[in-house]
file work.cif (mmCIF, C-alpha atoms and all ligand atoms)
data_upload
loop_
_atom_site.label_atom_id
_atom_site.label_comp_id
_atom_site.auth_asym_id
_atom_site.auth_seq_id
_atom_site.Cartn_x
_atom_site.Cartn_y
_atom_site.Cartn_z
CA MET A 16 -33.45 -6.88 -80.87
CA LYS A 17 -32.65 -5.58 -77.42
CA THR A 18 -35.00 -2.96 -76.10
CA ILE A 19 -34.55 -0.15 -73.61
CA GLU A 20 -36.63 -1.91 -70.97
CA SER A 21 -34.97 -4.78 -69.17
CA PHE A 22 -35.79 -7.56 -71.55
CA LYS A 23 -35.11 -10.32 -69.04
CA VAL A 24 -37.82 -9.08 -66.69
CA ASN A 25 -41.18 -10.82 -66.73
CA HIS A 26 -43.54 -7.85 -66.59
CA ASP A 27 -46.48 -10.17 -65.99
CA ILE A 28 -45.50 -10.91 -62.38
CA LEU A 29 -43.91 -7.62 -61.38
CA GLN A 30 -44.89 -6.02 -58.11
CA LYS A 31 -44.27 -2.48 -56.88
CA GLY A 32 -40.86 -1.94 -55.30
CA MET A 33 -37.24 -1.02 -55.95
CA TYR A 34 -35.24 -3.44 -58.06
CA ILE A 35 -31.73 -3.75 -59.46
CA SER A 36 -32.28 -3.75 -63.20
CA ARG A 37 -28.69 -4.02 -64.43
CA ILE A 38 -25.09 -3.25 -63.56
CA ASP A 39 -22.82 -1.87 -66.29
CA GLY A 40 -19.28 -1.34 -65.06
CA ASP A 41 -19.64 0.93 -62.04
CA ILE A 42 -23.15 2.09 -62.98
CA VAL A 43 -26.13 0.52 -61.21
CA THR A 44 -29.58 0.93 -62.76
CA TYR A 45 -32.48 0.66 -60.34
CA ASP A 46 -36.08 0.29 -61.49
CA ILE A 47 -38.45 1.98 -59.09
CA ARG A 48 -41.73 0.23 -59.84
CA MET A 49 -44.70 2.33 -58.74
CA LYS A 50 -47.56 0.75 -60.68
CA ARG A 51 -48.08 -2.87 -61.67
CA PRO A 52 -47.48 -3.30 -65.41
CA ASN A 53 -50.56 -3.82 -67.59
CA ASN A 54 -52.84 -3.67 -64.58
CA LYS A 55 -56.57 -4.27 -65.01
CA GLU A 56 -57.40 -1.08 -63.13
CA ASN A 57 -55.65 0.97 -65.81
CA ASP A 58 -53.78 2.68 -62.96
CA TYR A 59 -50.68 4.45 -64.25
CA LEU A 60 -48.68 7.48 -63.20
CA GLN A 61 -50.35 10.59 -64.51
CA ASN A 62 -48.01 12.69 -66.58
CA ALA A 63 -48.23 15.93 -64.58
CA ALA A 64 -47.72 14.12 -61.26
CA MET A 65 -44.84 12.08 -62.71
CA HIS A 66 -43.24 15.29 -64.00
CA SER A 67 -43.44 16.99 -60.58
CA PHE A 68 -42.12 13.83 -58.93
CA GLU A 69 -39.16 13.88 -61.33
CA HIS A 70 -38.29 17.50 -60.50
CA LEU A 71 -38.53 16.93 -56.74
CA PHE A 72 -36.73 13.56 -56.69
CA ALA A 73 -33.86 14.97 -58.75
CA THR A 74 -33.71 18.15 -56.66
CA TYR A 75 -33.53 16.23 -53.40
CA ALA A 76 -31.06 13.58 -54.55
CA ARG A 77 -28.74 16.08 -56.23
CA ASN A 78 -28.51 18.13 -53.05
CA THR A 79 -27.20 15.29 -50.89
CA LYS A 80 -23.64 14.10 -50.31
CA TYR A 81 -24.33 11.50 -53.02
CA SER A 82 -24.82 14.14 -55.71
CA ASP A 83 -21.62 13.43 -57.69
CA ASN A 84 -22.50 9.74 -57.95
CA ILE A 85 -26.04 10.16 -59.25
CA ILE A 86 -26.08 9.65 -63.00
CA TYR A 87 -29.73 9.86 -64.01
CA ILE A 88 -33.26 10.04 -62.64
CA GLY A 89 -36.19 9.84 -65.03
CA PRO A 90 -39.65 8.37 -65.63
CA MET A 91 -40.40 5.19 -67.56
CA GLY A 92 -42.30 5.84 -70.75
CA CYS A 93 -44.87 3.19 -69.77
CA ARG A 94 -45.68 5.38 -66.72
CA THR A 95 -45.19 2.54 -64.24
CA GLY A 96 -42.12 3.91 -62.50
CA PHE A 97 -38.73 5.59 -62.60
CA TYR A 98 -35.20 4.74 -63.62
CA PHE A 99 -32.54 5.66 -61.07
CA LEU A 100 -28.90 5.32 -62.15
CA VAL A 101 -26.04 5.74 -59.72
CA ARG A 102 -22.38 4.86 -59.42
CA ASP A 103 -21.64 1.81 -57.26
CA LYS A 104 -19.91 4.05 -54.72
CA ILE A 105 -23.49 4.34 -53.46
CA THR A 106 -24.32 0.96 -51.91
CA HIS A 107 -27.68 -0.72 -52.55
CA SER A 108 -28.78 0.06 -49.02
CA GLU A 109 -27.70 3.71 -49.35
CA ALA A 110 -29.63 3.94 -52.63
CA LEU A 111 -32.72 2.56 -50.91
CA ASN A 112 -32.36 5.04 -48.06
CA LEU A 113 -31.80 7.89 -50.50
CA LEU A 114 -35.01 6.97 -52.32
CA LYS A 115 -36.94 6.81 -49.05
CA GLU A 116 -35.57 10.19 -47.96
CA SER A 117 -36.54 11.61 -51.36
CA LEU A 118 -40.07 10.25 -50.93
CA GLU A 119 -40.33 11.92 -47.49
CA PHE A 120 -39.11 15.17 -49.06
CA ILE A 121 -41.76 14.96 -51.80
CA LYS A 122 -44.51 14.01 -49.33
CA ASP A 123 -43.78 17.08 -47.19
CA PHE A 124 -42.90 19.54 -49.97
CA GLU A 125 -44.69 22.89 -49.96
CA GLY A 126 -44.34 25.84 -52.30
CA LYS A 127 -43.07 26.24 -55.83
CA ILE A 128 -41.61 23.12 -57.44
CA PRO A 129 -37.92 23.75 -58.26
CA GLY A 130 -37.11 24.26 -61.93
CA THR A 131 -40.63 25.05 -63.07
CA ASN A 132 -39.88 27.91 -65.42
CA LYS A 133 -39.41 28.38 -69.16
CA ILE A 134 -35.62 28.30 -68.91
CA GLU A 135 -35.18 25.05 -66.97
CA CYS A 136 -38.22 22.98 -67.96
CA GLY A 137 -39.65 21.81 -71.27
CA ASN A 138 -43.30 21.90 -70.13
CA TYR A 139 -43.30 24.05 -67.01
CA LEU A 140 -47.10 24.38 -66.83
CA GLU A 141 -47.69 20.61 -66.69
CA HIS A 142 -47.18 19.91 -62.99
CA ASP A 143 -49.20 18.32 -60.19
CA LEU A 144 -47.64 18.56 -56.74
CA GLU A 145 -50.57 16.90 -54.96
CA GLY A 146 -50.41 13.99 -57.42
CA ALA A 147 -46.67 13.61 -56.82
CA LYS A 148 -47.29 13.54 -53.07
CA LEU A 149 -49.82 10.73 -53.42
CA VAL A 150 -47.25 8.68 -55.35
CA ALA A 151 -44.64 9.36 -52.65
CA ILE A 152 -47.04 8.34 -49.85
CA ASP A 153 -47.92 5.13 -51.69
CA MET A 154 -44.27 4.24 -52.31
CA LEU A 155 -43.26 4.93 -48.69
CA GLU A 156 -45.77 2.25 -47.71
CA VAL A 157 -44.50 -0.15 -50.41
CA LEU A 158 -40.87 0.33 -49.30
CA LYS A 159 -41.54 0.38 -45.54
CA ASN A 160 -40.03 -3.07 -45.01
CA TRP A 161 -38.00 -3.21 -48.22
CA THR A 162 -34.52 -4.74 -48.08
CA VAL A 163 -31.56 -5.15 -50.40
CA GLU A 164 -32.50 -8.85 -50.71
CA LYS A 165 -35.84 -7.86 -52.21
CA MET A 166 -34.10 -5.82 -54.93
CA ALA A 167 -33.39 -8.88 -57.09
CA TYR A 168 -35.98 -9.45 -59.82
CA GLU A 169 -37.69 -12.81 -59.65
CA GLN A 170 -37.00 -14.66 -62.88
ZN ZN B 201 -39.70 19.74 -66.22
#
call {"tool": "encode", "arguments": {"input": "work.cif", "output": "structure tokens", "more": "lines below"}}
Ligand SMILES: [Zn+2]
result
Amino acid sequence: MKTIESFKVNHDILQKGMYISRIDGDIVTYDIRMKRPNNKENDYLQNAAMHSFEHLFATYARNTKYSDNIIYIGPMGCRTGFYFLVRDKITHSEALNLLKESLEFIKDFEGKIPGTNKIECGNYLEHDLEGAKLVAIDMLEVLKNWTVEKMAYEQ
């Protein structure tokens, strides 16, 4: 049976980074890997930080010129990263730059997280801006020298 997670990926050797998970028609699914799967340190995204990261990433990306071609941004249930789905009008290198810009936005964000109210959010009290910033800082380092060539999963 096929599962939601990319079944061809060997999670045992995965490193942090941004990868092309699959391409379906004109939709490209990127896996943004932020924590190594099944790591010995038991280091996973914390839910409140992941939730704030989701709000800020989506807010930034949906307010760029790419907005109409962004399909979905959301966390992985295993808390090791995010799914990022875009139309292929956004090139791989533009998607990488958009992610890096989003990380800078999150790192420097001050004030009230957008959408944190009872109307727009399903758990508006569960947020952690400082935690989201730490994730962004870590991923900026991971992606510092990232290239489109590195986006292919090793099989
Ligand atoms: Zn929310």
call {"tool": "residues_around", "arguments": {"input": "work.cif", "residues": "His142 in chain A", "least_positions_apart": "4", "cutoff": "7 Å", "atoms": "all atoms listed in the file", "output": "list in words"}}
result
Ala63, Ala64, His66 and Ser67 of chain A
call {"tool": "closest_residue", "arguments": {"input": "work.cif", "among": "A:Ala151, A:Ile42, A:Leu29, A:Ala73", "to": "Pro129 in chain A", "atoms": "all atoms listed in the file"}}
result
A:Ala73
call {"tool": "residues_near_ligand", "arguments": {"input": "work.cif", "ligand": "ligand ZN 201 (chain B)", "cutoff": "12 Å", "atoms": "only C-alpha atoms and all ligand atoms", "output": "mmCIF file with C-alpha atoms, in the frame of the given file"}}
result
data_model
loop_
_atom_site.group_PDB
_atom_site.id
_atom_site.type_symbol
_atom_site.label_atom_id
_atom_site.label_comp_id
_atom_site.auth_asym_id
_atom_site.auth_seq_id
_atom_site.Cartn_x
_atom_site.Cartn_y
_atom_site.Cartn_z
ATOM 1 C CA ASN A 62 -48.010 12.690 -66.580
ATOM 2 C CA ALA A 63 -48.230 15.930 -64.580
ATOM 3 C CA ALA A 64 -47.720 14.120 -61.260
ATOM 4 C CA MET A 65 -44.840 12.080 -62.710
ATOM 5 C CA HIS A 66 -43.240 15.290 -64.000
ATOM 6 C CA SER A 67 -43.440 16.990 -60.580
ATOM 7 C CA PHE A 68 -42.120 13.830 -58.930
ATOM 8 C CA GLU A 69 -39.160 13.880 -61.330
ATOM 9 C CA HIS A 70 -38.290 17.500 -60.500
ATOM 10 C CA LEU A 71 -38.530 16.930 -56.740
ATOM 11 C CA PHE A 72 -36.730 13.560 -56.690
ATOM 12 C CA ALA A 73 -33.860 14.970 -58.750
ATOM 13 C CA THR A 74 -33.710 18.150 -56.660
ATOM 14 C CA GLY A 89 -36.190 9.840 -65.030
ATOM 15 C CA PRO A 90 -39.650 8.370 -65.630
ATOM 16 C CA ILE A 128 -41.610 23.120 -57.440
ATOM 17 C CA PRO A 129 -37.920 23.750 -58.260
ATOM 18 C CA GLY A 130 -37.110 24.260 -61.930
ATOM 19 C CA THR A 131 -40.630 25.050 -63.070
ATOM 20 C CA ASN A 132 -39.880 27.910 -65.420
ATOM 21 C CA LYS A 133 -39.410 28.380 -69.160
ATOM 22 C CA ILE A 134 -35.620 28.300 -68.910
ATOM 23 C CA GLU A 135 -35.180 25.050 -66.970
ATOM 24 C CA CYS A 136 -38.220 22.980 -67.960
ATOM 25 C CA GLY A 137 -39.650 21.810 -71.270
ATOM 26 C CA ASN A 138 -43.300 21.900 -70.130
ATOM 27 C CA TYR A 139 -43.300 24.050 -67.010
ATOM 28 C CA LEU A 140 -47.100 24.380 -66.830
ATOM 29 C CA GLU A 141 -47.690 20.610 -66.690
ATOM 30 C CA HIS A 142 -47.180 19.910 -62.990
ATOM 31 C CA ASP A 143 -49.200 18.320 -60.190
#
call {"tool": "residues_around", "arguments": {"input": "work.cif", "residues": "range 112-127 of chain A", "least_positions_apart": "3", "cutoff": "7 Å", "atoms": "all atoms listed in the file", "output": "PDB file with C-alpha atoms, in the coordinates of the input"}}
result
ATOM      1  CA  LEU A  71     -38.530  16.930 -56.740  1.00  0.00           C
ATOM      2  CA  PHE A  72     -36.730  13.560 -56.690  1.00  0.00           C
ATOM      3  CA  TYR A  75     -33.530  16.230 -53.400  1.00  0.00           C
ATOM      4  CA  ALA A  76     -31.060  13.580 -54.550  1.00  0.00           C
ATOM      5  CA  SER A 108     -28.780   0.060 -49.020  1.00  0.00           C
ATOM      6  CA  GLU A 109     -27.700   3.710 -49.350  1.00  0.00           C
ATOM      7  CA  LYS A 148     -47.290  13.540 -53.070  1.00  0.00           C
ATOM      8  CA  ALA A 151     -44.640   9.360 -52.650  1.00  0.00           C
ATOM      9  CA  ILE A 152     -47.040   8.340 -49.850  1.00  0.00           C
ATOM     10  CA  LEU A 155     -43.260   4.930 -48.690  1.00  0.00           C
TER      11      LEU A 155
END
call {"tool": "closest_residue", "arguments": {"input": "work.cif", "among": "A:Ala147, A:Ile85, A:Leu111, A:Ile47", "to": "Tyr98 in chain A", "atoms": "only C-alpha atoms"}}
result
A:Ile47
call {"tool": "residues_around", "arguments": {"input": "work.cif", "residues": "Ser36 in chain A", "least_positions_apart": "2", "cutoff": "7 Å", "atoms": "only C-alpha atoms", "output": "list of chain:residue names"}}
result
A:Ser21, A:Tyr34, A:Thr44, A:Tyr45, A:Asp46
call {"tool": "atom_distance", "arguments": {"input": "work.cif", "atom1": "CA of Asp83 in chain A", "atom2": "CA of Thr162 in chain A"}}
result
24.3 Å
call {"tool": "atom_distance", "arguments": {"input": "work.cif", "atom1": "CA of His26 in chain A", "atom2": "CA of Val157 in chain A"}}
result
17.9 Å
call {"tool": "closest_residue", "arguments": {"input": "work.cif", "among": "A:Met49, A:Met154, A:Leu149, A:Ala167", "to": "Gly96 in chain A", "atoms": "all atoms listed in the file"}}
result
A:Met49
call {"tool": "atom_distance", "arguments": {"input": "work.cif", "atom1": "CA of Arg51 in chain A", "atom2": "CA of Asp39 in chain A"}}
result
25.7 Å
call {"tool": "closest_residue", "arguments": {"input": "work.cif", "among": "A:Ile105, A:Leu60, A:Val43, A:Val150", "to": "Tyr87 in chain A", "atoms": "all atoms listed in the file"}}
result
A:Val43
call {"tool": "closest_residue", "arguments": {"input": "work.cif", "among": "A:Gln30, A:Val24, A:Gln61, A:Gly40", "to": "Val101 in chain A", "atoms": "all atoms listed in the file"}}
result
A:Gly40
call {"tool": "residues_near_point", "arguments": {"input": "work.cif", "point": "(-19.5, 1.1, -58.8)", "cutoff": "6 Å", "atoms": "only C-alpha atoms", "output": "list in words"}}
result
Asp41, Ile42, Arg102, Asp103 and Lys104 of chain A
call {"tool": "closest_residue", "arguments": {"input": "work.cif", "among": "A:Glu169, A:Asp58, A:Asp27, A:Glu164", "to": "His107 in chain A", "atoms": "only C-alpha atoms"}}
result
A:Glu164
